[in-house]
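Structure data follow from start_7.cif (mmCIF, C-alpha atoms (C1' of nucleotides)):
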data_run
#
loop_
_atom_site.label_atom_id
_atom_site.label_comp_id
_atom_site.auth_asym_id
_atom_site.auth_seq_id
_atom_site.Cartn_x
_atom_site.Cartn_y
_atom_site.Cartn_z
CA MET A 11 0.00 0.00 0.00
CA ASP A 12 1.57 3.20 -1.18
CA GLN A 13 1.95 6.10 1.19
CA ARG A 14 1.00 8.39 -1.67
CA ILE A 15 -2.41 6.79 -1.96
CA ILE A 16 -3.18 7.65 1.64
CA GLU A 17 -1.94 11.20 1.24
CA ASN A 18 -4.18 11.56 -1.75
CA LEU A 19 -7.11 10.21 0.21
CA PHE A 20 -6.54 12.69 3.02
CA ASN A 21 -6.27 15.55 0.56
CA GLU A 22 -9.57 14.56 -1.01
CA TYR A 23 -11.23 14.57 2.39
CA GLN A 24 -9.51 17.77 3.52
CA LEU A 25 -7.64 16.09 6.33
CA ARG A 26 -4.07 17.17 6.99
CA VAL A 27 -1.49 14.47 6.48
CA THR A 28 0.01 13.49 9.83
CA ASN A 29 1.97 10.48 11.03
CA CYS A 30 -0.81 9.37 13.34
CA ARG A 31 -3.49 9.51 10.66
CA THR A 32 -1.32 7.79 8.09
CA ASP A 33 -0.31 4.98 10.45
CA ILE A 34 -3.86 4.38 11.61
CA MET A 35 -5.25 4.43 8.08
CA LEU A 36 -2.60 1.94 6.97
CA PHE A 37 -3.51 -0.27 9.89
CA PHE A 38 -7.18 -0.21 8.92
CA LEU A 39 -6.38 -0.98 5.29
CA GLU A 40 -4.22 -3.92 6.29
CA ALA A 41 -6.72 -5.29 8.84
CA ASP A 42 -9.55 -7.41 7.52
CA PHE A 43 -11.59 -6.84 10.64
CA ALA A 44 -12.96 -3.98 12.71
CA LEU A 45 -10.73 -2.22 15.21
CA SER A 46 -11.26 -0.70 18.64
CA ALA A 47 -9.59 2.37 20.08
CA LYS A 48 -7.89 0.01 22.54
CA ALA A 49 -6.35 -2.05 19.75
CA LEU A 50 -4.94 1.11 18.20
CA GLU A 51 -3.56 2.27 21.55
CA ASN A 52 -1.77 -1.05 21.92
CA ASN A 53 -0.39 -0.95 18.41
CA PHE A 54 0.66 2.68 18.49
CA PRO A 55 2.02 3.47 21.96
CA GLN A 56 3.83 6.45 20.41
CA TYR A 57 0.51 8.29 20.05
CA ASP A 58 -1.57 9.65 22.88
CA ARG A 59 -4.90 7.98 23.61
CA VAL A 60 -6.65 11.27 23.03
CA THR A 61 -5.02 11.71 19.64
CA ILE A 62 -6.18 8.25 18.62
CA TYR A 63 -9.76 9.05 19.64
CA ARG A 64 -9.63 12.33 17.77
CA THR A 65 -8.21 10.60 14.71
CA LEU A 66 -11.02 8.06 14.79
CA ASN A 67 -13.61 10.81 15.14
CA SER A 68 -12.17 12.81 12.26
CA PHE A 69 -12.34 9.70 10.05
CA ILE A 70 -15.93 9.07 11.09
CA GLU A 71 -16.96 12.67 10.39
CA LYS A 72 -15.57 12.33 6.89
CA GLY A 73 -17.26 8.98 6.37
CA ILE A 74 -13.95 7.14 6.01
CA LEU A 75 -14.78 4.93 9.00
CA HIS A 76 -18.15 3.76 10.27
CA PRO A 77 -18.96 2.76 13.83
CA ILE A 78 -20.10 -0.82 14.31
CA PRO A 79 -22.58 -1.70 17.05
CA SER A 80 -21.03 -4.00 19.63
CA ASP A 81 -22.14 -5.67 22.84
CA GLY A 82 -19.10 -4.81 24.86
CA GLY A 83 -18.47 -1.39 26.26
CA ALA A 84 -15.96 -0.44 23.59
CA ALA A 85 -16.88 0.92 20.17
CA LEU A 86 -15.64 -0.74 17.00
CA TYR A 87 -14.77 0.94 13.73
CA GLY A 88 -14.66 -0.40 10.20
CA LEU A 89 -13.42 1.07 6.93
CA SER A 90 -16.16 2.30 4.65
CA ASP A 91 -16.71 0.12 1.61
CA SER A 92 -15.94 2.92 -0.83
CA ILE A 93 -12.59 3.66 0.82
CA ARG A 94 -11.39 0.10 0.79
CA LYS A 95 -12.51 -0.44 -2.77
CA GLY A 96 -10.95 2.83 -3.86
CA ALA A 97 -7.66 2.06 -2.16
CA GLU A 98 -7.51 -1.38 -3.75
CA GLN A 99 -8.11 0.05 -7.20
CA MET A 100 -5.50 2.72 -6.61
CA GLY A 101 -3.08 0.10 -5.41
CA GLN A 102 -3.18 -1.31 -8.91
CA ALA A 103 -2.98 2.07 -10.61
CA THR A 104 0.38 3.36 -11.69
CA MET A 105 -0.54 6.70 -13.15
CA LEU A 106 -1.27 9.69 -10.97
CA SER A 107 -4.32 10.52 -13.06
CA ASP A 108 -5.97 7.29 -11.87
CA VAL A 109 -5.29 8.16 -8.29
CA GLU A 110 -6.94 11.52 -8.57
CA GLU A 111 -10.28 10.05 -9.55
CA VAL A 112 -11.34 9.27 -6.00
CA ILE A 113 -14.39 11.20 -4.98
CA PRO A 114 -15.21 11.62 -1.30
CA GLN A 115 -18.47 9.92 -0.46
CA THR A 116 -19.33 11.49 2.83
CA HIS A 117 -22.51 10.56 4.64
CA ILE A 118 -23.11 7.47 2.56
CA HIS A 119 -23.82 4.69 4.96
CA ASP A 120 -22.59 1.23 4.07
CA GLU A 121 -25.49 -1.12 4.40
CA HIS A 122 -23.57 -4.33 4.67
CA ILE A 123 -23.77 -7.09 7.23
CA HIS A 124 -21.34 -7.27 10.15
CA PHE A 125 -20.18 -10.58 11.50
CA SER A 126 -18.99 -11.11 15.04
CA CYS A 127 -17.12 -14.35 15.81
CA HIS A 128 -17.66 -15.97 19.20
CA ALA A 129 -14.36 -17.85 18.90
CA CYS A 130 -11.74 -15.32 17.79
CA GLY A 131 -13.71 -12.31 18.99
CA LYS A 132 -13.17 -10.44 15.75
CA THR A 133 -15.86 -8.40 14.06
CA LEU A 134 -15.79 -8.29 10.26
CA CYS A 135 -17.46 -6.17 7.63
CA LEU A 136 -18.99 -8.28 4.87
CA PRO A 137 -19.16 -5.75 2.03
CA GLU A 138 -20.64 -8.26 -0.41
CA GLN A 139 -23.49 -9.16 1.91
CA THR A 140 -26.21 -6.55 1.63
CA ILE A 141 -28.81 -6.34 4.34
CA PRO A 142 -32.11 -7.94 3.28
CA LYS A 143 -35.09 -5.61 2.80
CA VAL A 144 -37.31 -5.18 5.83
CA ASN A 145 -41.03 -4.60 5.82
CA LEU A 146 -42.41 -2.82 8.84
CA PRO A 147 -46.09 -2.15 9.58
CA PRO A 148 -47.49 1.10 8.14
CA GLY A 149 -46.39 4.26 9.92
CA TYR A 150 -42.71 3.46 10.25
CA GLN A 151 -40.24 5.37 8.11
CA ILE A 152 -36.97 3.52 7.59
CA LYS A 153 -33.78 5.54 7.22
CA GLU A 154 -31.04 3.08 8.10
CA VAL A 155 -30.62 -0.59 9.01
CA GLU A 156 -27.94 -2.24 11.12
CA MET A 157 -27.40 -5.98 11.09
CA VAL A 158 -24.91 -7.96 13.13
CA VAL A 159 -24.68 -11.70 12.64
CA LYS A 160 -22.95 -13.69 15.39
CA GLY A 161 -21.46 -17.15 15.25
CA TYR A 162 -18.24 -18.67 13.97
CA CYS A 163 -16.27 -17.06 11.16
CA LYS A 164 -14.59 -18.82 8.24
CA SER A 165 -11.32 -19.21 10.12
CA CYS A 166 -12.96 -20.55 13.26
CA THR A 167 -15.51 -22.93 11.74
CA PRO A 168 -14.06 -26.45 11.45
CA ALA A 169 -14.28 -27.54 7.81
CA MET B 29 -51.10 -5.13 36.18
CA ASP B 30 -51.49 -7.25 39.28
CA GLN B 31 -48.71 -7.36 41.81
CA ARG B 32 -49.44 -11.08 42.24
CA ILE B 33 -48.57 -11.74 38.61
CA ILE B 34 -45.12 -10.30 39.10
CA GLU B 35 -44.59 -12.25 42.32
CA ASN B 36 -45.55 -15.38 40.47
CA LEU B 37 -43.13 -14.55 37.69
CA PHE B 38 -40.27 -14.05 40.14
CA ASN B 39 -41.09 -17.32 41.88
CA GLU B 40 -40.99 -19.17 38.58
CA TYR B 41 -37.58 -17.71 37.84
CA GLN B 42 -36.30 -18.23 41.37
CA LEU B 43 -35.83 -14.54 42.04
CA ARG B 44 -36.71 -13.21 45.48
CA VAL B 45 -39.54 -10.72 45.51
CA THR B 46 -38.19 -7.30 46.46
CA ASN B 47 -39.52 -3.78 46.09
CA CYS B 48 -36.81 -2.82 43.64
CA ARG B 49 -37.39 -5.81 41.36
CA THR B 50 -41.16 -5.43 41.48
CA ASP B 51 -41.05 -1.71 40.71
CA ILE B 52 -38.61 -2.14 37.86
CA MET B 53 -40.56 -5.05 36.36
CA LEU B 54 -43.77 -3.04 36.53
CA PHE B 55 -42.01 -0.17 34.81
CA PHE B 56 -40.85 -2.44 31.99
CA LEU B 57 -44.31 -3.94 31.59
CA GLU B 58 -45.88 -0.50 31.39
CA ALA B 59 -43.26 0.89 28.99
CA ASP B 60 -43.70 0.08 25.33
CA PHE B 61 -40.06 0.86 24.64
CA ALA B 62 -36.60 -0.18 25.78
CA LEU B 63 -35.11 1.31 28.94
CA SER B 64 -31.62 2.33 30.02
CA ALA B 65 -30.11 2.04 33.47
CA LYS B 66 -30.08 5.85 33.53
CA ALA B 67 -33.83 6.03 32.91
CA LEU B 68 -34.42 3.67 35.83
CA GLU B 69 -32.11 5.69 38.07
CA ASN B 70 -34.11 8.80 37.26
CA ASN B 71 -37.43 7.10 37.85
CA PHE B 72 -36.44 5.34 41.04
CA PRO B 73 -34.17 7.65 43.05
CA GLN B 74 -35.03 5.58 46.12
CA TYR B 75 -32.85 2.74 44.85
CA ASP B 76 -29.09 2.79 44.60
CA ARG B 77 -27.50 2.84 41.14
CA VAL B 78 -25.70 -0.40 41.94
CA THR B 79 -28.93 -2.10 42.94
CA ILE B 80 -30.52 -1.09 39.66
CA TYR B 81 -27.59 -2.51 37.68
CA ARG B 82 -27.72 -5.74 39.68
CA THR B 83 -31.47 -5.96 39.17
CA LEU B 84 -31.03 -5.57 35.41
CA ASN B 85 -28.30 -8.20 35.38
CA SER B 86 -30.39 -10.68 37.36
CA PHE B 87 -33.24 -10.22 34.87
CA ILE B 88 -30.89 -10.73 31.95
CA GLU B 89 -29.41 -13.90 33.47
CA LYS B 90 -32.90 -15.32 33.76
CA GLY B 91 -33.80 -14.29 30.23
CA ILE B 92 -36.52 -11.90 31.42
CA LEU B 93 -34.75 -8.98 29.77
CA HIS B 94 -32.55 -8.87 26.69
CA PRO B 95 -29.88 -6.31 25.93
CA ILE B 96 -30.42 -4.22 22.81
CA PRO B 97 -27.47 -2.97 20.76
CA SER B 98 -27.29 0.82 20.79
CA ASP B 99 -24.98 3.43 19.32
CA GLY B 100 -24.68 5.53 22.40
CA GLY B 101 -22.52 4.59 25.34
CA ALA B 102 -25.40 3.32 27.42
CA ALA B 103 -26.95 -0.15 27.12
CA LEU B 104 -30.65 -0.61 26.52
CA TYR B 105 -32.86 -3.39 27.81
CA GLY B 106 -36.12 -4.79 26.52
CA LEU B 107 -38.62 -7.26 27.95
CA SER B 108 -38.41 -10.71 26.41
CA ASP B 109 -41.30 -11.54 24.15
CA SER B 110 -42.39 -14.52 26.23
CA ILE B 111 -42.56 -12.46 29.40
CA ARG B 112 -44.66 -9.70 27.95
CA LYS B 113 -46.99 -12.15 26.25
CA GLY B 114 -47.28 -14.22 29.42
CA ALA B 115 -48.00 -11.19 31.56
CA GLU B 116 -50.68 -9.98 29.18
CA GLN B 117 -52.39 -13.36 29.19
CA MET B 118 -52.21 -13.50 32.95
CA GLY B 119 -53.60 -10.00 33.17
CA GLN B 120 -56.76 -11.39 31.62
CA ALA B 121 -56.82 -14.53 33.76
CA THR B 122 -58.84 -14.55 36.94
CA MET B 123 -58.08 -17.99 38.29
CA LEU B 124 -54.84 -18.79 40.04
CA SER B 125 -54.49 -21.98 38.01
CA ASP B 126 -54.10 -19.91 34.87
CA VAL B 127 -51.39 -17.88 36.47
CA GLU B 128 -49.39 -20.90 37.44
CA GLU B 129 -49.00 -22.09 33.88
CA VAL B 130 -46.08 -19.78 33.10
CA ILE B 131 -42.98 -21.70 32.26
CA PRO B 132 -39.60 -19.98 32.41
CA GLN B 133 -37.98 -19.82 29.00
CA THR B 134 -34.39 -19.07 29.87
CA HIS B 135 -31.75 -18.68 27.16
CA ILE B 136 -34.26 -18.33 24.35
CA HIS B 137 -33.19 -15.35 22.36
CA ASP B 138 -35.91 -13.21 20.86
CA GLU B 139 -35.11 -12.75 17.21
CA HIS B 140 -37.25 -9.76 16.55
CA ILE B 141 -36.40 -6.44 14.94
CA HIS B 142 -35.59 -3.40 17.05
CA PHE B 143 -36.56 0.06 15.94
CA SER B 144 -34.79 3.22 16.98
CA CYS B 145 -36.54 6.54 16.34
CA HIS B 146 -34.44 9.53 15.38
CA ALA B 147 -37.15 11.92 16.53
CA CYS B 148 -38.25 10.75 19.96
CA GLY B 149 -35.06 8.80 20.65
CA LYS B 150 -36.97 5.75 21.83
CA THR B 151 -35.98 2.21 20.93
CA LEU B 152 -38.80 -0.31 20.51
CA CYS B 153 -39.01 -4.06 20.28
CA LEU B 154 -41.14 -5.19 17.35
CA PRO B 155 -42.11 -8.69 18.50
CA GLU B 156 -44.19 -9.37 15.40
CA GLN B 157 -41.34 -8.51 13.04
CA THR B 158 -39.01 -11.46 12.72
CA ILE B 159 -35.56 -10.94 11.33
CA PRO B 160 -35.27 -12.04 7.69
CA LYS B 161 -33.08 -15.06 6.94
CA VAL B 162 -29.49 -14.26 6.03
CA ASN B 163 -27.31 -16.19 3.64
CA LEU B 164 -23.61 -15.91 4.24
CA PRO B 165 -20.85 -17.39 2.07
CA PRO B 166 -19.80 -20.97 2.93
CA GLY B 167 -17.72 -21.30 6.07
CA TYR B 168 -19.74 -19.04 8.34
CA GLN B 169 -21.78 -20.60 11.11
CA ILE B 170 -24.67 -18.41 12.24
CA LYS B 171 -25.75 -18.55 15.86
CA GLU B 172 -27.57 -15.30 16.40
CA VAL B 173 -28.70 -12.24 14.45
CA GLU B 174 -29.27 -8.69 15.66
CA MET B 175 -31.15 -6.15 13.59
CA VAL B 176 -31.79 -2.51 14.41
CA VAL B 177 -33.84 -0.39 12.06
CA LYS B 178 -33.55 3.37 12.41
CA GLY B 179 -35.90 6.07 11.22
CA TYR B 180 -39.17 7.56 12.41
CA CYS B 181 -41.59 5.56 14.50
CA LYS B 182 -45.37 5.45 14.16
CA SER B 183 -45.84 8.33 16.62
CA CYS B 184 -43.20 10.52 14.97
CA THR B 185 -44.04 9.94 11.30
CA PRO B 186 -46.49 12.55 10.04
CA ALA B 187 -49.55 10.77 8.62
"C1'" DT C 10 -43.80 -17.21 64.63
"C1'" DT C 11 -39.51 -17.17 64.98
"C1'" DA C 12 -34.75 -18.73 64.19
"C1'" DG C 13 -31.46 -18.97 60.94
"C1'" DC C 14 -29.72 -19.32 56.34
"C1'" DT C 15 -29.49 -17.10 51.95
"C1'" DT C 16 -29.83 -13.41 49.05
"C1'" DA C 17 -30.44 -8.38 48.11
"C1'" DT C 18 -29.23 -3.73 49.16
"C1'" DG C 19 -26.42 0.48 49.99
"C1'" DC C 20 -22.18 2.67 50.25
"C1'" DA C 21 -17.49 3.51 48.87
"C1'" DA C 22 -14.12 2.76 45.87
"C1'" DC C 23 -12.61 1.47 41.46
"C1'" DT C 24 -12.14 0.28 36.31
"C1'" DC C 25 -12.78 1.41 31.71
"C1'" DT C 26 -14.21 4.23 27.78
"C1'" DA C 27 -14.33 8.55 26.01
"C1'" DT C 28 -14.24 13.70 25.99
"C1'" DT C 29 -12.70 18.63 26.99
"C1'" DG C 30 -9.49 22.63 27.80
"C1'" DC C 31 -5.28 24.46 27.02
"C1'" DA C 32 -0.48 25.06 25.83
"C1'" DT C 33 2.68 23.51 22.27
"C1'" DT C 34 3.96 21.61 17.89
"C1'" DT C 35 3.17 20.50 13.15
"C1'" DT C 36 1.04 21.15 8.62
"C1'" DT C 37 0.06 23.85 4.81
"C1'" DA C 38 -0.76 27.94 1.90
"C1'" DT C 39 1.31 32.25 0.63
"C1'" DA D 16 10.44 31.68 5.34
"C1'" DT D 17 6.37 32.93 7.66
"C1'" DA D 18 1.94 33.12 9.51
"C1'" DA D 19 -2.58 31.11 10.02
"C1'" DA D 20 -4.98 26.94 10.88
"C1'" DA D 21 -5.17 22.62 12.61
"C1'" DA D 22 -3.22 18.49 15.18
"C1'" DT D 23 -0.96 16.77 19.26
"C1'" DG D 24 0.07 15.75 24.21
"C1'" DC D 25 -0.98 16.27 28.87
"C1'" DA D 26 -4.03 16.79 32.71
"C1'" DA D 27 -8.37 16.71 34.24
"C1'" DT D 28 -13.06 15.32 33.86
"C1'" DA D 29 -17.41 12.78 32.79
"C1'" DG D 30 -20.14 8.72 32.36
"C1'" DA D 31 -21.13 3.68 32.41
"C1'" DG D 32 -20.63 -0.22 34.84
"C1'" DT D 33 -18.47 -3.40 38.46
"C1'" DT D 34 -16.59 -5.17 42.98
"C1'" DG D 35 -16.01 -5.74 48.10
"C1'" DC D 36 -17.99 -5.56 52.22
"C1'" DA D 37 -21.17 -4.60 56.01
"C1'" DT D 38 -26.10 -4.41 56.83
"C1'" DA D 39 -30.91 -5.43 55.81
"C1'" DA D 40 -34.50 -8.07 54.00
"C1'" DG D 41 -36.65 -12.40 52.07
"C1'" DC D 42 -37.43 -17.17 52.54
"C1'" DT D 43 -37.62 -21.92 54.63
"C1'" DA D 44 -38.51 -25.04 57.98
"C1'" DA D 45 -39.37 -26.13 62.61
#

Could you take the file, read its structure, and then write that structure out as C-alpha cells?
Amino acid sequence: MDQRIIENLFNEYQLRVTNCRTDIMLFFLEADFALSAKALENNFPQYDRVTIYRTLNSFIEKGILHPIPSDGGAALYGLSDSIRKGAEQMGQATMLSDVEEVIPQTHIHDEHIHFSCHACGKTLCLPEQTIPKVNLPPGYQIKEVEMVVKGYCKSCTPA
Amino acid sequence: MDQRIIENLFNEYQLRVTNCRTDIMLFFLEADFALSAKALENNFPQYDRVTIYRTLNSFIEKGILHPIPSDGGAALYGLSDSIRKGAEQMGQATMLSDVEEVIPQTHIHDEHIHFSCHACGKTLCLPEQTIPKVNLPPGYQIKEVEMVVKGYCKSCTPA
DNA sequence: TTAGCTTATGCAACTCTATTGCATTTTTAT
DNA sequence: ATAAAAATGCAATAGAGTTGCATAAGCTAA
C-alpha cells in the first residue's frame, strides 16, 4: 500500500497528512476486521490515547470509517466500503491521473452485514453481503438498518 | 397489572420478591419501549445505582430482559417476548391456576427487529417482526442475528 | 412465629471508555 | 520563510458499569 495513496485520500477529504493519521489508516487498510480504540492504543504506543480518539472521530466525520454496534463497552470501527474499494483500485494504478479520480463519499452509509465471531472475537465487515429488505407495519419510516450476525467465522468454523 | 402476577413470575424464575425488582418489572411492563439504566435511576431515586444494575443483570441472566445494541454509550434493555406475552395473558386470567401455567424460558433469544426513532429517541421491540433469513458465504456458522432499524416511528411519522 | 440461612441492598471505591481545555507543535498555503 | 490553521500531548473530567464488604431483607422449615 503506497503512502501516496493515503496522502491523496486525506487531501480529497480535507484532512491534513500526519503520522498518526497515516499509520492508523494503513492499519485499517491492512486489517480485515474492525478495530477498537484500545487495539490502536496497543499498536501505536507512540501516540496519545486522546489523539487516537480524535483521529477516529475525524475519520468518522468524513465517512472514512463507520462505527459498528457491539455488545461490549468499547466501540468498534470499520473502513467504509468505498474507501477500501478505492484504495484497492488505486493500489493497482500506476498513473497519478488514476489516483486523482477518488471522490469523497461522505454521509453514505454502508449497508452491509457485520459478522462477530464468538471464537476469535473479531468483528468483520462483509461488504458483499447486503442487508435484506425489511417490511415494517405502516407508519414506520426507515432511514437506516444495522445488522450484526454472530457465530463462527470462516477461520474458526471447522471444515 | 397485578402485583401477584409479578410475584408469580419471580417465583418461577427463582428470584426473590423485592420492592426494587417489582417496581422495575412493573415499569418495563408499562413501557412500550426499551429502557436504560439511567432512565431507571431517574425514575427510582429511592434505589441505589448499583442495585438497579444488579437488578437488570439478574433479569438478563434469567432471560426476562434482553440487551439491545445501541450506538450511544449506554446499554438498553427490553422485555423478552415470552414475558410480555405471558404477563398480558395473565392479566386477563382470573383464576390462580391460569397464572401458574407460566414456564420460564431461559436462554431463548428473541429474534425480533428493534426500531430506533431519530425523533423521539426511543428504541422499541417489534415482537411481530421477525428478522429475515441471512445467507452468508460458505464457512460461516450463524448462531444469532441482531437487527436494528432506524428512522421515524409510528408516533413521529407525520400521517 | 420465629430462628437462621441465603440473598439483596447500599455505600465507597474502582475500572474502563471517552471527551474537553489548554499550551505547544506540526502542517500547509502564501 | 512565515503566519494562520489545525493536530498533538498532557491533565483533568465525565459517564457507564463493576466489585467488596457490612447491613438489611426475604425465605424456609421447625

So which residues touch DT28 of chain D within 12 Å, counting only C-alpha atoms (C1' of nucleotides), skipping near sequence neighbours fewer than 3 positions away, as a list in words?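 Selected residues are DA27, DT28, DT29 and DG30 of chain C.
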
Nearby residues (all atoms listed in the file) at most 9 Å from Phe56 of chain B, same-chain spacing under 6 positions excluded, as number ranges by chain: B: 62-63, 106-107

Keeping only C-alpha atoms, write the selected residues as an mmCIF file, in the coordinates of the input.
data_model
loop_
_atom_site.group_PDB
_atom_site.id
_atom_site.type_symbol
_atom_site.label_atom_id
_atom_site.label_comp_id
_atom_site.auth_asym_id
_atom_site.auth_seq_id
_atom_site.Cartn_x
_atom_site.Cartn_y
_atom_site.Cartn_z
ATOM 1 C CA ALA B 62 -36.600 -0.180 25.780
ATOM 2 C CA LEU B 63 -35.110 1.310 28.940
ATOM 3 C CA GLY B 106 -36.120 -4.790 26.520
ATOM 4 C CA LEU B 107 -38.620 -7.260 27.950
#

Of the residues B:Pro160, B:His140, B:Leu37, B:Asp30, which is the one nearest to Gly114 of chain B, using only C-alpha atoms?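 Of B:Pro160, B:His140, B:Leu37, B:Asp30, the one nearest Gly114 of chain B, counting only C-alpha atoms, is B:Leu37.
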
Show me, as number ranges by chain, the residues of chain B whose atoms get within 10 Å of chain C, using all atoms listed in the file for the distance check. B: 43-46, 48, 75-80, 82-83, 101

Distance cut-off 9 Å, counting all atoms listed in the file - which residues of chain D neighbour chain A? Return them as number ranges by chain. D: 21-25, 31-32

Return the neighbours of chain A among the residues of chain B, cut-off 9 Å, counting all atoms listed in the file, as a ChimeraX atom specification. /B:95-99,101-103,154,157,159-187

For atom CA of Phe38 of chain B and atom C1' of DT43 of chain D, the interatomic separation in Å (one decimal): 16.7 Å

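Atom C1' of DA27 of chain D is found 28.5 Å from atom CA of Thr32 of chain A.
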
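For the atom pair formed by atom CA of Gly131 of chain A and atom CA of Lys66 of chain B, the distance is 28.4 Å, given to one decimal.
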
Hey, which of B:Cys153, B:Ile34, B:Tyr105, B:Ile88 ends up closest to Ala67 of chain B? Count all atoms listed in the file. B:Tyr105
